[in-house]
Amino acid sequence: MNNLVFGKYIPIKSPIHDLDPRAKIAALFVMIAAVFIPKSWYCYALLGVIILGIVLLSHIKITMILKALKPTMFMMAFLLIINCLTVKTGTVLLSYKSFVIYSDAVLNTLFIVVRLLLMIMLTTILTATTKPLDLTLGIESLLSPLKVIHFPYHEIAMMISIALRFIPTIIEETMRIMNSQKSRGVDFEEGKLREKINAILSLIIPLFTVAFQRAFELADAMEARGYVPDQERTKYHTLKFRFKDFLFLLFAHILLALMILSRFYL
Amino acid sequence: MAIKFKSLSYIYDEGMPYAHKALDDINLELVEGKVTAIIGETGSGKSTLVEHLNALLLPSSGSLEILDREIVAREKNKGLKALRKEVGLVFQFSEYQLFEETILKDVAFGPKNYGISEEEANDKARKALKLVGIDEKMFDVSPFDISGGQKRRIAIAGILALEPSVLVLDEPTAGLDPKGAQEMIEIFITLNRKQGKTIIIVSHDNEMVYNYAENTVLMEKGRIAYCGPTLELFNNDELVRKYHLLEPQLVSFKRMLKEEGFKVPAEIRTIGELAKYMGKEVRKR
């Protein structure tokens with residue numbers, strides 16, 4: 001449970017931590033678009049260097065990023081197999097009886113793998129350098145123009161922030177119930193299928209009970225403090241968009257523009 | 001035999017920027033067959049310490065000796081399930097572990113995990129439930145339909161049904177009403193006196209600790225500040241002041257009596273004993 005790296009905030013100081021969450025979220029989307037546009041390896045070399053540069057600036061350990069990439073390995077291997085079986089263009093790399101691997105299959109997979117890698121690196125940078133609360137504040141602020149079409153942006157942001165806030169609590173609760181059941185002789189690692197199902201049941205039922213109880217308690221606590229969803233609210237933390245945030249966002253846009261141009265000239 | 005911690009340390013989230021050393025070079029001997037209390041402020045490492053006793057947490061460094069087993073840091077430790085039967089650990093707010101359809105089934109769940117027959121497990125469950133004062137009429141009720149205090153009793157029965165020789169309780173009385181708490185403690189004390197079980201209780205209730213625990217371990221910031229007889233800790237004004245301990249009422253009362261010229265013996269630890277002694281003294285005058 002402790003190896004959940006993806007989406008974990010790392011509480012250190014860095015120039016990237018310091019940026020406005022709105023700038024970071026917007027820049028993330030722009031950069032992801034930039035990652036999916038080019039067709040040339042030169043562009044990917046450039047993107048790779050720039051994104052690695054941002055990782056270095058954010059003071060996140062490279063090993064942490066690698067850990068976040070681990071779960072995607074299986075998906076990438078799967079992609080490679082599918083591509084090898086379906087893509088029939090390019091030169092022949094390898095042939096065994098009726099089974100032939102074409103160069104485009106490998107190339108296509110490499111493109112997807114590199115794009116995914118860069119995308120995961122970008123999202124890891126965002127979640128590792130932005131507090132969950134700031135993240136939701138940012139989302140709320142970015143969604144706020146949608147109020148013209150009566151989009152419940154505040155409620156959505158509140159839901160996200162509550163969900164994010166309770167992830168560690170639920171993990172903690174899971175660990176505690178697991179430990180209680182281990183103390184009663186439940187073995188979560190070994191055992192036959194029947195025993196395993198029983199073990200999982202002994203974890204899930206109490207977990208659901210606790211989760212519902214927490215939800216009701218939270219709802220009561222919010223009501224007791226006078227929370228009304230559709231009321232205009234003031235904020236304790238306000239976001240400030242500074243010049244460096246503007247620069248960062250501008251940089252992301254320039255990158256996107258370059259990648260679009262590359263489609264025409266490279 | 002004793003339970004021995006040998007320069008044991010435990011670090012949460014080792015290797016991460018927010019790593020936290022919860023136990024720092026603990027050397028400790030807990031005597032078997034006695035009632036030992038573990039006290040200390042919140043966050044001083046009490047719960048982390050007791051979670052080592054049945055190997056739910058494995059030491060980051062150092063080792064732990066318990067019931068002919070040695071658990072050493074960074075070694076493969078096998079057969080922990082067997083250890084967990086002998087060292088029963090009741091968690092804080094243990095009522096959240098209930099999940100079966102009936103109370104009896106829930107309590108029998110533990111013994112059944114150790115591969116005994118359904119009947120035998122039910123027998124053990126019935127015995128454990130009687131011990132914690134749950135009426136036979138309630139055995140077939142769902143554990144979700146009863147009060148919080150009763151849930152706690154059932155969770156404790158779930159561990160007692162394993163018949164452990166060492167019983168570790170992490171704040172077993174937190175959130176119970178005073179009468180329920182008193183009854184609960186008396187169950188554990190009886191288990192100690194009649195069956196010789198080792199009882200280790202983490203507690204914030206210094207009154208209870210003073211009344212019942214023979215030995216006390218005081219923890220401060222992941223280290224052992226005091227380990228020894230309970231009376232010597234609470235009767236020592238200097239230690240009480242140094243560690244900001246809440247003085248048991250009986251200790252204050254005894255001091256007041258001493259100021260009035262009564263030579264109250266130090267080993268008096270309950271209000272009953274004190275009343276008896278004072279009765280005699282007053283009659284003498």
# chains A, B, ... in the order shown; residues from 1 in each chain; ligands from 1
$ residues_around --residues "B:Asn211" --least-positions-apart "3" --cutoff "6 Å" --atoms "only C-alpha atoms" --output "PDB file with N, CA and C atoms, in the first residue's frame"
ATOM      1  N   MET B 208      -6.334   4.032  36.365  1.00  0.00           N
ATOM      2  CA  MET B 208      -6.411   2.600  36.117  1.00  0.00           C
ATOM      3  C   MET B 208      -5.019   1.982  36.211  1.00  0.00           C
ATOM      4  N   ARG B 269      -2.665   0.743  46.722  1.00  0.00           N
ATOM      5  CA  ARG B 269      -2.910   1.239  45.371  1.00  0.00           C
ATOM      6  C   ARG B 269      -4.380   1.342  44.993  1.00  0.00           C
ATOM      7  N   THR B 270      -5.282   0.841  45.844  1.00  0.00           N
ATOM      8  CA  THR B 270      -6.698   1.035  45.498  1.00  0.00           C
ATOM      9  C   THR B 270      -7.403   1.729  46.656  1.00  0.00           C
TER      10      THR B 270
END
$ interface_residues --of "chain B" --to "chain A" --cutoff "6 Å" --atoms "only C-alpha atoms" --output "ChimeraX atom specification"
/B:81,84,97,99,110,113
$ residues_around --residues "B:Thr230" --least-positions-apart "3" --cutoff "7 Å" --atoms "only C-alpha atoms" --output "list in words"
Tyr210, Ala213, Glu214, Asn215, Thr216, Leu233 and Phe234 of chain B
$ write_last_selection --atoms "N, CA, C and O atoms" --output "tab-separated table (two decimals), in the first residue's frame"
chain	number	residue	atom	x	y	z
B	210	TYR	N	-2.44	3.00	37.85
B	210	TYR	CA	-1.98	2.98	39.24
B	210	TYR	C	-2.65	1.85	40.02
B	210	TYR	O	-2.03	1.17	40.82
B	213	ALA	N	-1.78	-1.97	37.28
B	213	ALA	CA	-0.56	-2.43	36.60
B	213	ALA	C	0.59	-2.59	37.58
B	213	ALA	O	0.87	-1.68	38.36
B	214	GLU	N	1.24	-3.75	37.55
B	214	GLU	CA	2.39	-3.96	38.43
B	214	GLU	C	3.58	-3.15	37.93
B	214	GLU	O	4.29	-2.53	38.70
B	215	ASN	N	3.78	-3.20	36.60
B	215	ASN	CA	4.89	-2.46	36.02
B	215	ASN	C	4.36	-1.44	35.03
B	215	ASN	O	3.30	-1.63	34.44
B	216	THR	N	5.14	-0.38	34.85
B	216	THR	CA	4.76	0.65	33.88
B	216	THR	C	5.94	1.02	33.01
B	216	THR	O	7.07	1.10	33.50
B	233	LEU	N	7.07	4.77	40.14
B	233	LEU	CA	6.96	5.91	39.21
B	233	LEU	C	6.04	6.98	39.78
B	233	LEU	O	6.42	8.14	39.89
B	234	PHE	N	4.83	6.57	40.18
B	234	PHE	CA	3.85	7.58	40.59
B	234	PHE	C	4.10	8.10	42.00
B	234	PHE	O	3.65	9.20	42.34
$ select_by_dssp --residues "stretch 110-155 of chain A" --states "alpha helix (DSSP H)" --output "number ranges by chain"
A: 110-129, 132-143, 153-155
$ atom_distance --atom1 "atom CA of B:Ile134" --atom2 "atom CA of B:Ile103"
9.7 Å
$ select_by_dssp --residues "stretch 36-251 of chain B" --states "strand (DSSP E)" --output "PyMOL selection string"
chain B and resi 36-40+61-66+69-72+87-90+166-170+198-202+215-220+223-229
$ atom_distance --atom1 "atom CA of B:Ile156" --atom2 "atom CA of A:Met175"
18.8 Å
$ residues_around --residues "B:Gly148" --least-positions-apart "3" --cutoff "12 Å" --atoms "only C-alpha atoms" --output "PyMOL selection string"
chain B and resi 93-96+98+143-145+151-155+173-177+180
$ residues_around --residues "B:Ile66" --least-positions-apart "3" --cutoff "7 Å" --atoms "only C-alpha atoms" --output "count of residues only"
4
$ closest_residue --among "B:Leu239, B:Val132, B:Leu231, B:Val202" --to "B:Gly45" --atoms "only C-alpha atoms"
B:Val202
$ atom_distance --atom1 "atom CA of A:Arg233" --atom2 "atom CA of A:Ala211"
27.5 Å
$ residues_around --residues "stretch 190-200 of chain B" --least-positions-apart "5" --cutoff "9 Å" --atoms "only C-alpha atoms" --output "NGL selection string"
:B and (30-38 or 50 or 164-170 or 185 or 213)
$ residues_around --residues "stretch 115-122 of chain B" --least-positions-apart "4" --cutoff "10 Å" --atoms "only C-alpha atoms" --output "PDB file with N, CA and C atoms, in the first residue's frame"
ATOM      1  N   GLY A 185      -5.527 -13.979  12.761  1.00  0.00           N
ATOM      2  CA  GLY A 185      -5.061 -15.142  12.013  1.00  0.00           C
ATOM      3  C   GLY A 185      -5.369 -15.129  10.534  1.00  0.00           C
TER       4      GLY A 185
ATOM      5  N   LEU B 104     -21.670 -14.615  17.217  1.00  0.00           N
ATOM      6  CA  LEU B 104     -20.957 -15.862  17.483  1.00  0.00           C
ATOM      7  C   LEU B 104     -19.992 -16.183  16.337  1.00  0.00           C
ATOM      8  N   LYS B 105     -20.491 -16.030  15.100  1.00  0.00           N
ATOM      9  CA  LYS B 105     -19.658 -16.321  13.930  1.00  0.00           C
ATOM     10  C   LYS B 105     -18.436 -15.412  13.911  1.00  0.00           C
ATOM     11  N   ASP B 106     -18.645 -14.137  14.265  1.00  0.00           N
ATOM     12  CA  ASP B 106     -17.542 -13.194  14.215  1.00  0.00           C
ATOM     13  C   ASP B 106     -16.448 -13.574  15.209  1.00  0.00           C
ATOM     14  N   VAL B 107     -16.859 -13.946  16.411  1.00  0.00           N
ATOM     15  CA  VAL B 107     -15.875 -14.304  17.431  1.00  0.00           C
ATOM     16  C   VAL B 107     -15.188 -15.617  17.059  1.00  0.00           C
ATOM     17  N   ALA B 108     -15.920 -16.537  16.413  1.00  0.00           N
ATOM     18  CA  ALA B 108     -15.342 -17.831  16.038  1.00  0.00           C
ATOM     19  C   ALA B 108     -14.430 -17.715  14.822  1.00  0.00           C
ATOM     20  N   PHE B 109     -14.465 -16.566  14.157  1.00  0.00           N
ATOM     21  CA  PHE B 109     -13.676 -16.359  12.936  1.00  0.00           C
ATOM     22  C   PHE B 109     -12.178 -16.552  13.195  1.00  0.00           C
ATOM     23  N   GLY B 110     -11.676 -15.970  14.302  1.00  0.00           N
ATOM     24  CA  GLY B 110     -10.250 -16.072  14.629  1.00  0.00           C
ATOM     25  C   GLY B 110      -9.801 -17.517  14.796  1.00  0.00           C
ATOM     26  N   PRO B 111     -10.420 -18.252  15.764  1.00  0.00           N
ATOM     27  CA  PRO B 111     -10.010 -19.649  15.960  1.00  0.00           C
ATOM     28  C   PRO B 111     -10.110 -20.469  14.674  1.00  0.00           C
ATOM     29  N   ARG B 126     -18.037 -19.139  22.396  1.00  0.00           N
ATOM     30  CA  ARG B 126     -19.030 -19.022  23.478  1.00  0.00           C
ATOM     31  C   ARG B 126     -18.345 -18.674  24.792  1.00  0.00           C
ATOM     32  N   LYS B 127     -17.221 -19.387  25.046  1.00  0.00           N
ATOM     33  CA  LYS B 127     -16.491 -19.151  26.296  1.00  0.00           C
ATOM     34  C   LYS B 127     -16.010 -17.694  26.360  1.00  0.00           C
ATOM     35  N   ALA B 128     -15.429 -17.235  25.249  1.00  0.00           N
ATOM     36  CA  ALA B 128     -14.879 -15.878  25.213  1.00  0.00           C
ATOM     37  C   ALA B 128     -15.987 -14.849  25.395  1.00  0.00           C
ATOM     38  N   ALA B 161     -10.814 -15.454  22.125  1.00  0.00           N
ATOM     39  CA  ALA B 161     -11.161 -16.791  21.634  1.00  0.00           C
ATOM     40  C   ALA B 161      -9.951 -17.525  21.063  1.00  0.00           C
ATOM     41  N   LEU B 162      -8.919 -16.776  20.702  1.00  0.00           N
ATOM     42  CA  LEU B 162      -7.684 -17.404  20.207  1.00  0.00           C
ATOM     43  C   LEU B 162      -6.877 -18.005  21.356  1.00  0.00           C
TER      44      LEU B 162
END
